[in-house]
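So this block is data29.csv, CSV, C-alpha atoms:
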chain,number,residue,atom,x,y,z
A,245,MET,CA,-128.0,48.9,172.1
A,246,ASN,CA,-127.6,45.5,173.6
A,247,ALA,CA,-128.8,42.6,171.5
A,248,SER,CA,-131.3,40.1,172.9
A,249,GLY,CA,-130.9,36.4,172.9
A,250,THR,CA,-133.2,36.1,169.9
A,251,ASP,CA,-131.2,38.7,168.0
A,252,LEU,CA,-128.0,36.8,168.8
A,253,LEU,CA,-129.6,33.5,167.6
A,254,LEU,CA,-130.9,35.0,164.3
A,255,TRP,CA,-128.2,37.4,163.3
A,256,VAL,CA,-125.0,35.8,164.8
A,257,ALA,CA,-125.5,32.0,165.4
A,258,LEU,CA,-127.7,31.2,162.4
A,259,PRO,CA,-125.5,33.0,159.8
A,260,TYR,CA,-122.3,31.2,161.0
A,261,ILE,CA,-124.1,27.9,161.2
A,262,CYS,CA,-125.3,28.3,157.6
A,263,LEU,CA,-121.8,29.4,156.4
A,264,ALA,CA,-120.3,26.3,158.1
A,265,VAL,CA,-122.8,24.0,156.4
A,266,PHE,CA,-122.1,25.8,153.1
A,267,ALA,CA,-118.3,25.1,153.4
A,268,VAL,CA,-118.4,21.6,154.9
A,269,GLY,CA,-121.3,20.6,152.6
A,270,HIS,CA,-119.4,21.4,149.5
A,271,VAL,CA,-116.4,19.3,150.6
A,272,TRP,CA,-118.7,16.4,151.5
A,273,ARG,CA,-120.6,16.7,148.2
A,274,TYR,CA,-117.4,16.8,146.1
A,275,ARG,CA,-116.0,13.7,147.9
A,276,GLN,CA,-119.1,11.7,148.0
A,277,ASP,CA,-121.1,12.7,144.8
A,278,GLN,CA,-118.8,14.0,142.1
A,279,PHE,CA,-120.9,12.4,139.4
A,280,GLY,CA,-123.9,14.3,140.8
A,281,TRP,CA,-122.1,17.7,140.6
A,282,THR,CA,-124.2,18.9,137.8
A,283,SER,CA,-127.3,21.0,137.0
A,284,ARG,CA,-129.1,17.8,135.8
A,285,THR,CA,-130.4,19.4,132.7
A,286,SER,CA,-133.8,18.3,131.3
A,287,GLN,CA,-133.4,20.0,127.9
A,288,LEU,CA,-134.2,16.7,126.1
A,289,LEU,CA,-137.5,16.5,127.8
A,290,GLU,CA,-138.7,20.1,127.1
A,291,HIS,CA,-136.9,23.0,125.5
A,292,ARG,CA,-139.4,25.7,124.6
A,293,TRP,CA,-139.9,27.1,128.1
A,294,LEU,CA,-136.2,26.4,128.9
A,295,ARG,CA,-135.1,28.4,125.8
A,296,TRP,CA,-136.4,31.6,127.3
A,297,GLY,CA,-136.6,30.9,131.0
A,298,SER,CA,-133.0,29.8,131.5
A,299,PRO,CA,-131.3,32.8,129.9
A,300,LEU,CA,-133.6,35.3,131.7
A,301,PHE,CA,-133.0,33.7,135.0
A,302,HIS,CA,-129.3,33.4,134.7
A,303,LEU,CA,-128.8,36.9,133.3
A,304,GLY,CA,-131.0,38.4,136.0
A,305,ALA,CA,-129.2,36.3,138.7
A,306,PHE,CA,-125.8,37.6,137.5
A,307,MET,CA,-127.0,41.2,137.7
A,308,VAL,CA,-128.6,40.7,141.1
A,309,ILE,CA,-125.5,39.1,142.5
A,310,ALA,CA,-123.3,41.9,141.2
A,311,GLY,CA,-125.7,44.5,142.8
A,312,HIS,CA,-125.6,42.7,146.1
A,313,VAL,CA,-121.8,42.5,146.1
A,314,VAL,CA,-121.6,46.3,145.6
A,315,GLY,CA,-124.4,47.1,147.9
A,316,LEU,CA,-123.4,44.8,150.8
A,317,ALA,CA,-119.7,44.4,150.6
A,318,VAL,CA,-118.6,47.9,149.5
A,319,PRO,CA,-119.1,50.6,152.1
A,320,ALA,CA,-120.8,53.9,151.1
A,321,SER,CA,-117.6,55.8,151.9
A,322,TRP,CA,-115.8,53.9,149.1
A,323,THR,CA,-118.3,54.7,146.4
A,324,GLU,CA,-118.3,58.3,147.5
A,325,ALA,CA,-114.5,58.4,147.4
A,326,VAL,CA,-114.6,57.5,143.7
A,327,GLY,CA,-117.1,60.2,142.9
A,328,VAL,CA,-120.4,58.3,143.1
A,329,SER,CA,-122.8,60.2,145.2
A,330,GLU,CA,-125.3,58.5,147.4
A,331,HIS,CA,-128.2,59.8,145.3
A,332,ALA,CA,-126.6,58.5,142.1
A,333,TYR,CA,-125.9,55.1,143.7
A,334,HIS,CA,-129.4,54.8,145.1
A,335,THR,CA,-131.1,55.7,141.8
A,336,THR,CA,-128.9,53.4,139.8
A,337,ALA,CA,-129.3,50.5,142.3
A,338,VAL,CA,-133.1,50.8,142.4
A,339,TRP,CA,-133.7,50.9,138.6
A,340,ALA,CA,-131.0,48.4,137.6
A,341,GLY,CA,-132.0,46.2,140.5
A,342,SER,CA,-135.6,46.4,139.4
A,343,VAL,CA,-134.8,45.3,135.8
A,344,ALA,CA,-132.5,42.5,137.0
A,345,GLY,CA,-135.2,41.4,139.5
A,346,VAL,CA,-138.0,41.3,136.9
A,347,ALA,CA,-135.8,39.3,134.5
A,348,MET,CA,-134.8,36.9,137.3
A,349,VAL,CA,-138.4,36.5,138.5
A,350,THR,CA,-139.7,36.0,135.0
A,351,GLY,CA,-137.1,33.4,134.2
A,352,LEU,CA,-137.6,31.6,137.5
A,353,GLY,CA,-141.3,31.6,137.1
A,354,MET,CA,-141.0,30.0,133.6
A,355,LEU,CA,-138.7,27.4,135.0
A,356,CYS,CA,-141.0,26.6,137.9
A,357,ALA,CA,-144.0,26.5,135.6
A,358,ARG,CA,-142.1,24.2,133.2
A,359,ARG,CA,-141.3,21.8,136.1
A,360,LEU,CA,-144.9,21.8,137.4
A,361,LEU,CA,-146.7,21.6,134.0
A,362,THR,CA,-144.5,19.1,132.1
A,363,ARG,CA,-145.3,15.7,133.5
A,364,ARG,CA,-142.0,14.0,132.6
A,365,ILE,CA,-140.0,16.8,134.3
A,366,ARG,CA,-142.3,16.8,137.3
A,367,LEU,CA,-141.8,13.1,137.8
A,368,GLY,CA,-138.0,13.5,137.6
A,369,THR,CA,-138.0,16.2,140.3
A,370,ASP,CA,-136.0,15.0,143.3
A,371,ARG,CA,-136.2,16.0,146.9
A,372,SER,CA,-133.4,18.6,146.7
A,373,ASP,CA,-135.3,20.4,143.9
A,374,LYS,CA,-138.5,20.4,146.0
A,375,VAL,CA,-136.5,22.3,148.6
A,376,LEU,CA,-134.5,24.5,146.3
A,377,PHE,CA,-137.2,26.0,144.1
A,378,PRO,CA,-139.5,27.2,146.9
A,379,LEU,CA,-136.5,28.5,148.9
A,380,LEU,CA,-135.0,30.3,146.0
A,381,SER,CA,-138.4,31.7,145.0
A,382,ALA,CA,-139.0,33.0,148.5
A,383,THR,CA,-135.6,34.6,148.6
A,384,VAL,CA,-136.0,36.4,145.3
A,385,LEU,CA,-139.6,37.5,145.9
A,386,LEU,CA,-138.7,38.8,149.4
A,387,GLY,CA,-135.9,40.9,147.9
A,388,ILE,CA,-138.1,42.2,145.1
A,389,SER,CA,-140.9,43.0,147.6
A,390,ALA,CA,-138.5,44.9,150.0
A,391,THR,CA,-137.1,47.0,147.2
A,392,ALA,CA,-140.5,47.8,145.7
A,393,ALA,CA,-142.2,48.5,149.1
A,394,HIS,CA,-139.5,50.8,150.4
A,395,ASN,CA,-137.4,52.2,147.5
A,396,VAL,CA,-139.7,52.2,144.5
A,397,PHE,CA,-143.2,53.0,145.9
A,398,GLY,CA,-142.1,54.0,149.5
A,399,GLY,CA,-140.1,56.9,150.9
A,400,GLY,CA,-136.8,55.2,150.5
A,401,TYR,CA,-134.6,53.1,152.8
A,402,ASP,CA,-130.8,53.1,153.0
A,403,TYR,CA,-130.0,49.4,153.7
A,404,ARG,CA,-126.3,50.3,153.5
A,405,GLU,CA,-126.4,51.8,156.9
A,406,THR,CA,-128.0,48.7,158.5
A,407,VAL,CA,-128.1,45.4,156.6
A,408,SER,CA,-124.7,46.0,154.9
A,409,VAL,CA,-123.1,46.8,158.2
A,410,TRP,CA,-124.4,43.5,159.7
A,411,PHE,CA,-123.3,41.6,156.6
A,412,ARG,CA,-119.8,42.8,156.6
A,413,GLY,CA,-119.5,42.3,160.3
A,414,VAL,CA,-120.3,38.6,159.9
A,415,PHE,CA,-117.5,38.1,157.4
A,416,THR,CA,-115.0,40.2,159.4
A,417,LEU,CA,-115.8,38.2,162.5
A,418,GLN,CA,-117.2,41.3,164.2
A,419,PRO,CA,-120.9,40.6,164.1
A,420,GLN,CA,-123.2,43.6,164.8
A,421,PRO,CA,-126.7,42.1,165.2
A,422,GLU,CA,-128.0,45.5,166.4
A,423,ALA,CA,-127.3,46.9,162.9
A,424,ILE,CA,-130.0,44.8,161.3
A,425,THR,CA,-132.6,44.6,164.1
A,426,GLY,CA,-133.9,48.0,163.1
A,427,ALA,CA,-134.2,47.2,159.5
A,428,PRO,CA,-137.7,46.7,158.0
A,429,LEU,CA,-139.2,43.2,158.3
A,430,LEU,CA,-139.0,42.4,154.6
A,431,PHE,CA,-135.2,43.1,154.6
A,432,GLN,CA,-134.8,40.9,157.6
A,433,LEU,CA,-136.8,38.0,156.1
A,434,HIS,CA,-134.8,38.4,152.9
A,435,ALA,CA,-131.6,38.1,154.8
A,436,LEU,CA,-132.8,35.0,156.8
A,437,SER,CA,-134.0,33.2,153.6
A,438,ALA,CA,-130.6,34.0,152.0
A,439,CYS,CA,-128.9,32.3,154.9
A,440,LEU,CA,-131.0,29.2,154.6
A,441,LEU,CA,-130.3,29.2,150.8
A,442,PHE,CA,-126.6,29.2,151.5
A,443,ALA,CA,-127.0,26.3,153.8
A,444,ALA,CA,-129.0,24.3,151.2
A,445,TRP,CA,-126.6,25.3,148.4
A,446,PRO,CA,-124.2,22.3,148.5
A,447,PHE,CA,-126.9,19.7,148.5
A,448,THR,CA,-128.8,21.0,145.4
A,449,ARG,CA,-128.1,21.6,141.7
A,450,LEU,CA,-126.7,25.1,142.6
A,451,VAL,CA,-123.2,23.4,143.0
A,452,HIS,CA,-123.0,23.6,139.2
A,453,VAL,CA,-122.2,27.3,139.6
A,454,TRP,CA,-118.6,26.3,140.6
A,455,SER,CA,-118.3,24.2,137.5
A,456,ALA,CA,-119.0,26.9,134.9
A,457,PRO,CA,-117.1,26.1,131.7
A,458,VAL,CA,-115.1,29.3,131.8
A,459,GLY,CA,-112.1,27.4,130.2
A,460,TYR,CA,-114.0,27.2,127.0
A,461,LEU,CA,-113.5,30.9,126.5
A,462,VAL,CA,-109.8,30.5,126.0
A,463,ARG,CA,-109.6,26.9,124.8
A,464,PRO,CA,-108.0,26.6,121.3
A,465,TYR,CA,-110.2,25.4,118.4
A,466,LEU,CA,-110.2,21.7,117.6
A,467,VAL,CA,-109.4,20.9,114.0
A,468,TYR,CA,-111.3,18.0,112.5
A,469,ARG,CA,-110.4,16.4,109.1
A,470,ARG,CA,-112.7,14.2,107.1
A,471,ARG,CA,-111.5,10.6,107.2
A,472,ALA,CA,-110.5,9.3,103.7
A,473,ALA,CA,-112.9,6.8,102.2
A,474,ALA,CA,-111.8,3.2,103.0
A,475,PRO,CA,-110.8,1.2,100.0
A,476,ARG,CA,-113.1,-1.6,99.0
A,477,ALA,CA,-112.0,-5.0,100.2
A,478,ALA,CA,-110.8,-7.7,97.8
A,479,GLY,CA,-113.6,-9.7,96.3
A,480,HIS,CA,-116.0,-6.8,96.4
A,481,GLY,CA,-115.2,-5.2,93.1
A,482,ALA,CA,-111.9,-3.5,93.7
A,483,LEU,CA,-109.4,-3.9,90.9
A,484,PRO,CA,-105.8,-5.2,91.6
A,485,HIS,CA,-104.2,-1.8,90.7
A,486,GLN,CA,-106.8,0.0,92.9
A,487,ARG,CA,-106.0,-2.3,95.9
A,488,GLY,CA,-102.3,-1.8,95.5
A,489,ARG,CA,-102.6,2.0,95.2
A,490,ALA,CA,-104.8,2.1,98.3
A,491,ALA,CA,-102.4,0.0,100.3
A,492,GLY,CA,-99.5,2.3,99.4
A,493,GLU,CA,-101.3,5.5,100.4
A,494,PRO,CA,-100.2,6.9,103.8
A,495,ARG,CA,-102.8,6.8,106.5
A,496,ARG,CA,-104.3,10.1,107.6
A,497,ARG,CA,-104.0,10.9,111.3
A,498,ARG,CA,-107.1,12.1,113.0
A,499,ALA,CA,-106.7,15.4,114.9
A,500,ALA,CA,-106.7,15.0,118.7
Entire entry expressed as structure tokens:
Amino acid sequence: MNASGTDLLLWVALPYICLAVFAVGHVWRYRQDQFGWTSRTSQLLEHRWLRWGSPLFHLGAFMVIAGHVVGLAVPASWTEAVGVSEHAYHTTAVWAGSVAGVAMVTGLGMLCARRLLTRRIRLGTDRSDKVLFPLLSATVLLGISATAAHNVFGGGYDYRETVSVWFRGVFTLQPQPEAITGAPLLFQLHALSACLLFAAWPFTRLVHVWSAPVGYLVRPYLVYRRRAAAPRAAGHGALPHQRGRAAGEPRRRRAA
């Protein structure tokens, strides 16, 4: 099936434009705004909602990303080759994805509500956050809606035969727009919003993903020693033999 001009624009040109912005934008951001390469935490302003919302969102996001990597990047023939049937994969993906999606949506909802309801945080919200939070919310909700509508309450839809083929084709420089044009509308909207999210990524707080403190897991412990009490200066009650003893004691070196 030949792809139309609109299909080529949406499923070939737009993904490559977004990927180019993703790559060049990170280079620009790192060169121009290294001090802004952070999540800009607002924990000091409010921590009750953050205490639960942040772990739920991040845990759900990690699970969702892992599921997308397997579902989009790994062909069905590979999972079948290692003994995972399509039915077993489909069942696991639907229920594990549903749990991950609920955790991510709950956490994201708490973070958004926290930002809207807490005045000090709302006033500190910059333009990039005003773009990121709606775009991220739309991407997540579209993915959840597509899964629920077609694979939980619907008759089932195998996106690995359409969306995954298109996704791998983009990265192997062999785009196949016709593979996704027949997918349900919710899956198409989810893919388009994900492309836009990748384009916005380097200009938002999402850049802190690449600065995760993984090194702390293998970093050796720092040993701290209590500093010895300083001797009392002359004229402030120190006896001569005490001053002499203190002067002769070796100085303790503070651990680096």
Subject >> Length of the CA of Phe415 in chain A to CA of Trp255 in chain A vector [Å] >> reply: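 Separating CA of Phe415 in chain A from CA of Trp255 in chain A is a distance of 12.2 Å.
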Original post:
CA of Ala435 in chain A and CA of Ala310 in chain A are how many Å apart?
Top reply: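 It comes out at 16.4 Å.
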**OP:** For range 299-302 of chain A, list every protein, DNA or RNA residue within 10 Å, evaluated using all atoms listed in the file, and leave out those in the same chain fewer than 5 positions away; present the list as a VMD selection string.
**Re:** chain A and resid 294 307 to 308 344 to 355
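The spacing separating CA of Phe306 in chain A from CA of Leu441 in chain A amounts to 16.4 Å.
Minimum distance to Val314 in chain A across A:Gln278, A:Ser408, A:Ser372, A:Thr250 (counting all atoms listed in the file) occurs at A:Ser408.
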